[in-house]
Amino acid sequence: MRSETGFDPALLDRFPTQDERPEGEEEQLKRIWCAPRGWEYLTVVNNNYVGIYYLGTAFLFFLLAGMLGLLMRVQLAAPLMDVLPQATYNQVFTMHGTVMMFLFAVPMVEAAGVLLLPQMLAARDLPFPRLSAYAFWAYAVGGLAFFGSLFIGLAPDGGWFMYPPLTSKAYSPGINTDFWLLGIGFIEISAIAGAIEIIVGVLRHRAPGMSLDKMPIFAWAMLVFAVMIVIAFPSVILATLLLEIERAFNWPFFDATRGGDPVLWQHLFWFFGHPEVYIIFLPAAGMMSMIIPTVARAELVGYRLIVLAMVATGFISFGVWAHHMFATGLPPMTAGFFSAASMAVSLPAGIQVFSWIATFAVGKPRFNTPGLFAMGSVVIFVTGGLTGVMVALVPFDWQAHDTYFIVAHLHYVLIGGMVFPLFAAMYYWIPMVSRRALSERWGKWVFGLMFGGMNVAFMPMHLSGLMGMPRRVYTYLPGSGWDMLNLISTLGAFMLAAGVLLFLVDMARNFRLAPDDGEAGNVFGAGTLEWLPTALYSTRSIPVVKSREPLWDDPKISDDVEQGRYFLPRSATGRRETIVTSPLLAEPQYLQIMPGPSVWPFAAALFTAGFFLALTVQAYLFAAVSGVLGVLAVLRWLADTDLPVPEKDVDIGAGIRVPTYATGPQTHGWWAMIILVIVMGMIFAMALFGLAFLWGNQPSFWTPPPPMTCALPIATGYLAIIAAAWGTRVLHRVGKSWAVLPVLVAAALAPVLLWVDIGDWMAVTTPQSGGQGAAVFGLFSLQGTVAGIGVLMAAYLCWRKLRGVIVDRASNTLDLACLFVAYTGAQGLVGTLFARAIGA
Amino acid sequence: MRTWAILLGGLLVWTVHFFGLYAVAEIAPSRIATVLLTLACLAADGWLLALALRLGRADAFAAWRRSVALGGVALSLVAVCWQALPPWFSG
């Protein structure tokens, strides 16, 4: 394979260097990456801290949602129990599902990525530490406020998938549903921020030499996971937005009597909802593929196949969403395709399971706690997978739909596919961050109680479901034959909870956070880079990677890294920094200067949460103030970034020099903006699908759109915006000092064109008049949002220009603003033509 | 981009096939259309297979890329054939 960037791979042979390092280098690193004190814990951005905050908060939500599950089991332990009133029970089961899926599962694996990835890739940190901090605080503040709604009787009560018409204003007039719609929409923004961080981090922050074929399997899993979030989550963001607009402004997207369609919600929700299962499963599978080789003391069998299986799972999981909708009356051919895809997805999942079994078989497995949890996970997950193939069959699904059989199936899949691997991971990686490992003796009890409890709780649900017990009922009559099964399930749930309780006691006894130094270390004898000695700056020097298990293949690597014999043994510029490498072969490209601690991500998250919460309780003035303050906080945080340093290039070790500033498509900032544009594009694409869907299903409500010829001037205007944004970049590169003006004018033109387009449509329909009007004006709302952001970015660019920080002929801020404004033009162009083409 | 296209080619063909079938089923259900689409996708898979077989194995990364590409195409061939069956069993 030729070099990817022109870098000479022979230069890597200079490492490890043999010279003694000058004194004071390590002290300098410690000073730059120092630990926070007092209130600085709110401003910290290092992954070591943010990852722990994230994990702790996500685990807290696991415990809270688990308690809700126990409450439900107490209520169902016997017929006609009166522990929870019916309305409260509805809130409890809605919150149990919602919190487990949105506030525990996804954030937990994202948190594991934030904590583990920089160590595994031997980077100093992930590329956008402040974005990580923002994502965490937004999630924590928003999540706690959302959970708090339960204590004032305002928690959502429409089920975790919130189907309209039950959740429409007519049937859910209170603000309970709004809490879900605005709360979850907001928290998903945080998940997307985390996904951007992970994609760019995995592809651009790997240690030199760590080509894709040497990447830890967990990093592969996190990469696929994050890409899936980028594709899937926009759908639920759009869905929550549309339902909230319907409730607030009476735009009938989902009202079948007025040209909307409640099935559209199901499509949008499940296009997110089913990939969500794999979004949760894949990182957990990645953890398993890291843990099992260590436990089995053997190389992972089928690394290539597992990578392929993970990527294939990512693809195929987007072809299964409608299997949740078999009971809605899909056309037979459509149902057949989704049934086939639902069975096909078991193929890549099976590849992974067989690889794990084979690794156990060829190695000498130790039956320690991580090993037990890993083996237990395989058993439980396979059981859930088998019932998954059963419900992929349409006739069986019709019988089992909305019964406890489905409850059993989904708990087997999620507990086996995520919770058990997570416990294996906690036992496995806690020595990496704690002074003491957890107790092996207690761990085996924890495993026994959890494994036994899980099966006792959920296995009987298969039977109660097949005997006809529906989901979401708050009680049942005696004599239905469900009594004993429910009692057993309740006992099992408490057994499971006892295991978790024991784990908490073990944590209290042994977990002592050591973010700086003094952690228990590599107690299981693993071979990957996260087990190198680390401090707050990650590893002392960044090693050259020559294999998948460097610690097994090079016994001296830990010492050499610690002695500073690899890349970046010091801070080359006196600032926080890390090496950006090429995406395929991980060749060093440039030095990224990283931002340090800041209160602004915290403030921005607080105000963003305030904005959404105020909207929920209809305090519109407070929402407006919070929104403005949130935007100002983001701008203030950005003001410290993208500032070139005096040194144009620096020595990053062994005489290898790289630039300290880079612009254009190879930079991490450009990659992040492209991913953001994909997110915006996905939201918009799903909105276009919504318009086409309503046209296909409710043609009798359709009125002819304005003529296409009227759109030509508007379309020309959007093309001009794209050209101006591109031209600005070119002009700036040739040194024109006024180059920011075209993009400013272009950004200002976008709202004007939108206004003209709205005028054309107002002559034909209104947003309240029917599904068509709602969908078209929904597109306009999205375009208005994007145009507004474009104006803000262009204004920010001008402000930086006036401040004199855009002086070079290359500027990332300018590049990224131009990219976004060009996207604004492209989205406007597609939207205006598509809306007129549908039903013309 | 070339390496990503090589790695993901087979799975992209499956994606085009699946969403094509979905469009056919929703807009104008027709067994003939599903057969034509399936043949086109199998041909694309065949072409990708031929390309992947010609890829070099000079170093570890190239060999890894080749084997993942071949695996992706093989998976796609199975999945496309499997995905084409439902029209012959549904009403």
# chains A, B, ... in the order shown; residues from 1 in each chain; ligands from 1

$ residues_around --residues "Leu591 in chain A" --least-positions-apart "3" --cutoff "10 Å" --atoms "only C-alpha atoms" --output "JSON list (two decimals) with C-alpha atoms, in the first residue's frame"
[["chain", "number", "residue", "atom", "x", "y", "z"],
["A", 568, "LEU", "CA", 5.23, 13.94, 21.39],
["A", 572, "ALA", "CA", 5.80, 21.09, 21.39],
["A", 573, "THR", "CA", 3.99, 24.44, 21.62],
["A", 577, "GLU", "CA", -2.02, 19.22, 21.71],
["A", 578, "THR", "CA", -2.28, 15.88, 19.97],
["A", 579, "ILE", "CA", -1.26, 14.40, 16.63],
["A", 580, "VAL", "CA", -3.80, 14.23, 13.83],
["A", 581, "THR", "CA", -3.16, 11.22, 11.61],
["A", 588, "PRO", "CA", 1.11, 11.84, 11.10],
["A", 594, "MET", "CA", -6.60, 21.54, 21.79],
["A", 649, "ASP", "CA", 5.76, 23.60, 12.34],
["A", 650, "VAL", "CA", 7.24, 21.64, 15.20],
["A", 651, "ASP", "CA", 9.29, 18.55, 15.98],
["A", 652, "ILE", "CA", 6.96, 15.84, 17.27],
["A", 657, "ARG", "CA", 8.22, 17.87, 11.83],
["A", 658, "VAL", "CA", 4.54, 18.57, 11.17],
["A", 659, "PRO", "CA", 2.58, 21.83, 10.79],
["A", 660, "THR", "CA", 0.64, 23.27, 13.72],
["A", 661, "TYR", "CA", -2.25, 24.53, 11.60],
["A", 662, "ALA", "CA", -4.03, 23.02, 8.61]]

$ closest_atom_pairs --of "chain B" --to "chain A" --cutoff "7 Å" --atoms "only C-alpha atoms" --output "tab-separated table"
residue	atom	partner	partner_atom	distance
B:Leu11	CA	A:Ala312	CA	6.6
B:Phe18	CA	A:Gly319	CA	7.0
B:Tyr22	CA	A:Thr334	CA	6.2
B:Ala25	CA	A:Thr334	CA	5.5
B:Glu26	CA	A:Thr334	CA	6.9
B:Asp59	CA	A:Met1	CA	6.6
B:Phe61	CA	A:Asp213	CA	5.9
B:Ala62	CA	A:Met1	CA	6.0
B:Trp64	CA	A:Asp213	CA	6.3
B:Val68	CA	A:Leu308	CA	6.2
B:Gly72	CA	A:Leu308	CA	6.7
B:Ala79	CA	A:Ala344	CA	6.7
B:Trp82	CA	A:Ala340	CA	7.0
B:Gln83	CA	A:Ala340	CA	5.8
B:Pro86	CA	A:Gly336	CA	5.0
B:Pro87	CA	A:Met333	CA	5.8
B:Ser90	CA	A:Pro332	CA	5.9
B:Gly91	CA	A:Pro332	CA	6.4

$ select_by_dssp --residues "chain B" --states "alpha helix (DSSP H)" --output "NGL selection string"
:B and (2-27 or 31-54 or 60-83)

$ write_last_selection --atoms "C-alpha atoms" --output "PDB file, in the first residue's frame"
ATOM      1  CA  ARG B   2     -11.370   4.513  -2.953  1.00  0.00           C
ATOM      2  CA  THR B   3     -10.577   2.316   0.033  1.00  0.00           C
ATOM      3  CA  TRP B   4     -13.951   3.057   1.636  1.00  0.00           C
ATOM      4  CA  ALA B   5     -15.689   2.210  -1.639  1.00  0.00           C
ATOM      5  CA  ILE B   6     -13.781  -1.067  -1.770  1.00  0.00           C
ATOM      6  CA  LEU B   7     -14.607  -1.923   1.839  1.00  0.00           C
ATOM      7  CA  LEU B   8     -18.276  -0.965   1.648  1.00  0.00           C
ATOM      8  CA  GLY B   9     -19.104  -1.770  -1.994  1.00  0.00           C
ATOM      9  CA  GLY B  10     -20.983  -5.010  -1.374  1.00  0.00           C
ATOM     10  CA  LEU B  11     -23.028  -3.551   1.460  1.00  0.00           C
ATOM     11  CA  LEU B  12     -23.892  -0.486  -0.595  1.00  0.00           C
ATOM     12  CA  VAL B  13     -25.268  -2.782  -3.292  1.00  0.00           C
ATOM     13  CA  TRP B  14     -27.419  -4.495  -0.662  1.00  0.00           C
ATOM     14  CA  THR B  15     -28.669  -1.065   0.473  1.00  0.00           C
ATOM     15  CA  VAL B  16     -29.618  -0.026  -3.054  1.00  0.00           C
ATOM     16  CA  HIS B  17     -31.355  -3.367  -3.562  1.00  0.00           C
ATOM     17  CA  PHE B  18     -33.304  -3.182  -0.296  1.00  0.00           C
ATOM     18  CA  PHE B  19     -34.527   0.377  -0.702  1.00  0.00           C
ATOM     19  CA  GLY B  20     -35.252  -0.287  -4.387  1.00  0.00           C
ATOM     20  CA  LEU B  21     -37.421  -3.243  -3.423  1.00  0.00           C
ATOM     21  CA  TYR B  22     -39.166  -1.143  -0.781  1.00  0.00           C
ATOM     22  CA  ALA B  23     -39.898   1.539  -3.375  1.00  0.00           C
ATOM     23  CA  VAL B  24     -41.247  -1.052  -5.822  1.00  0.00           C
ATOM     24  CA  ALA B  25     -43.472  -2.593  -3.144  1.00  0.00           C
ATOM     25  CA  GLU B  26     -44.857   0.774  -2.042  1.00  0.00           C
ATOM     26  CA  ILE B  27     -45.218   2.550  -5.370  1.00  0.00           C
ATOM     27  CA  ARG B  31     -42.557  -9.249  -9.338  1.00  0.00           C
ATOM     28  CA  ILE B  32     -40.884  -8.504 -12.654  1.00  0.00           C
ATOM     29  CA  ALA B  33     -39.516  -5.227 -11.334  1.00  0.00           C
ATOM     30  CA  THR B  34     -38.072  -6.991  -8.286  1.00  0.00           C
ATOM     31  CA  VAL B  35     -36.429  -9.601 -10.526  1.00  0.00           C
ATOM     32  CA  LEU B  36     -34.886  -6.928 -12.769  1.00  0.00           C
ATOM     33  CA  LEU B  37     -33.600  -4.990  -9.790  1.00  0.00           C
ATOM     34  CA  THR B  38     -32.193  -8.156  -8.237  1.00  0.00           C
ATOM     35  CA  LEU B  39     -30.401  -9.127 -11.454  1.00  0.00           C
ATOM     36  CA  ALA B  40     -28.897  -5.658 -11.720  1.00  0.00           C
ATOM     37  CA  CYS B  41     -27.659  -5.831  -8.136  1.00  0.00           C
ATOM     38  CA  LEU B  42     -26.258  -9.332  -8.579  1.00  0.00           C
ATOM     39  CA  ALA B  43     -24.426  -8.082 -11.659  1.00  0.00           C
ATOM     40  CA  ALA B  44     -23.025  -5.197  -9.599  1.00  0.00           C
ATOM     41  CA  ASP B  45     -21.939  -7.671  -6.943  1.00  0.00           C
ATOM     42  CA  GLY B  46     -20.295  -9.825  -9.607  1.00  0.00           C
ATOM     43  CA  TRP B  47     -18.390  -6.827 -10.902  1.00  0.00           C
ATOM     44  CA  LEU B  48     -17.285  -5.901  -7.377  1.00  0.00           C
ATOM     45  CA  LEU B  49     -16.228  -9.489  -6.797  1.00  0.00           C
ATOM     46  CA  ALA B  50     -14.042  -9.437  -9.898  1.00  0.00           C
ATOM     47  CA  LEU B  51     -12.505  -6.127  -8.787  1.00  0.00           C
ATOM     48  CA  ALA B  52     -11.881  -7.379  -5.270  1.00  0.00           C
ATOM     49  CA  LEU B  53     -10.202 -10.554  -6.518  1.00  0.00           C
ATOM     50  CA  ARG B  54      -7.755  -8.433  -8.517  1.00  0.00           C
ATOM     51  CA  ALA B  60      -0.937  -6.496   5.751  1.00  0.00           C
ATOM     52  CA  PHE B  61      -3.265  -3.558   5.150  1.00  0.00           C
ATOM     53  CA  ALA B  62      -3.851  -4.411   1.484  1.00  0.00           C
ATOM     54  CA  ALA B  63      -4.525  -8.051   2.342  1.00  0.00           C
ATOM     55  CA  TRP B  64      -6.942  -7.001   5.075  1.00  0.00           C
ATOM     56  CA  ARG B  65      -8.730  -4.607   2.739  1.00  0.00           C
ATOM     57  CA  ARG B  66      -9.063  -7.293   0.089  1.00  0.00           C
ATOM     58  CA  SER B  67     -10.488  -9.865   2.462  1.00  0.00           C
ATOM     59  CA  VAL B  68     -13.001  -7.457   4.016  1.00  0.00           C
ATOM     60  CA  ALA B  69     -14.085  -6.379   0.527  1.00  0.00           C
ATOM     61  CA  LEU B  70     -14.535 -10.006  -0.551  1.00  0.00           C
ATOM     62  CA  GLY B  71     -16.466 -10.784   2.615  1.00  0.00           C
ATOM     63  CA  GLY B  72     -18.729  -7.788   2.035  1.00  0.00           C
ATOM     64  CA  VAL B  73     -19.490  -8.856  -1.517  1.00  0.00           C
ATOM     65  CA  ALA B  74     -20.116 -12.451  -0.418  1.00  0.00           C
ATOM     66  CA  LEU B  75     -22.502 -11.260   2.283  1.00  0.00           C
ATOM     67  CA  SER B  76     -24.210  -9.010  -0.221  1.00  0.00           C
ATOM     68  CA  LEU B  77     -24.679 -11.863  -2.707  1.00  0.00           C
ATOM     69  CA  VAL B  78     -26.383 -13.976  -0.046  1.00  0.00           C
ATOM     70  CA  ALA B  79     -28.457 -11.080   1.284  1.00  0.00           C
ATOM     71  CA  VAL B  80     -29.589  -9.868  -2.163  1.00  0.00           C
ATOM     72  CA  CYS B  81     -30.723 -13.378  -3.166  1.00  0.00           C
ATOM     73  CA  TRP B  82     -32.482 -13.839   0.186  1.00  0.00           C
ATOM     74  CA  GLN B  83     -34.096 -10.414  -0.044  1.00  0.00           C
TER      75      GLN B  83
END

$ select_by_dssp --residues "range 369-593 of chain A" --states "strand (DSSP E or B)" --output "list of chain:residue names"
A:Thr403, A:Ser434, A:Pro470, A:Leu513, A:Thr534, A:Ala535, A:Ser538, A:Thr539, A:Ile542, A:Phe567, A:Glu577, A:Thr578, A:Ile579, A:Val580, A:Thr581, A:Pro588, A:Gln589, A:Tyr590, A:Leu591, A:Gln592, A:Ile593

$ residues_around --residues "range 480-488 of chain A" --least-positions-apart "5" --cutoff "6 Å" --atoms "only C-alpha atoms" --output "PyMOL selection string"
chain A and resi 77-78+460+464

$ atom_distance --atom1 "CA of Trp442 in chain A" --atom2 "CA of Phe503 in chain A"
7.7 Å

$ residues_around --residues "Ala822 in chain A" --least-positions-apart "5" --cutoff "9 Å" --atoms "only C-alpha atoms" --output "list in words"
Tyr718, Leu719, Ile721, Ile722, Ala723, Ala724, Ala725, Trp726, Val743, Ala746, Ala747, Gly790, Ala817 and Gln827 of chain A

$ residues_around --residues "range 192-200 of chain A" --least-positions-apart "2" --cutoff "7 Å" --atoms "only C-alpha atoms" --output "list in words"
Glu110, Leu126, Pro127, Phe128, Leu131, Ser132, Ala135, Glu188, Ile189, Ser190, Val202, Leu203, Arg204, Leu223, Ala226, Ile229, Val230, His668, Trp671, Ala672 and Ile675 of chain A

$ residues_around --residues "Gln768 in chain A" --least-positions-apart "6" --cutoff "7 Å" --atoms "only C-alpha atoms" --output "list in words"
Asn250, Trp251, Pro252 and Ala774 of chain A

$ closest_residue --among "A:Tyr537, A:Tyr476, A:Phe777, A:Phe405" --to "Asp517 in chain A" --atoms "only C-alpha atoms"
A:Tyr537

$ residues_around --residues "range 34-40 of chain A" --least-positions-apart "5" --cutoff "10 Å" --atoms "only C-alpha atoms" --output "JSON, numbers by chain"
{"A": [27, 28, 29, 45, 46, 49, 515, 516, 535, 536, 537, 597, 598, 599]}
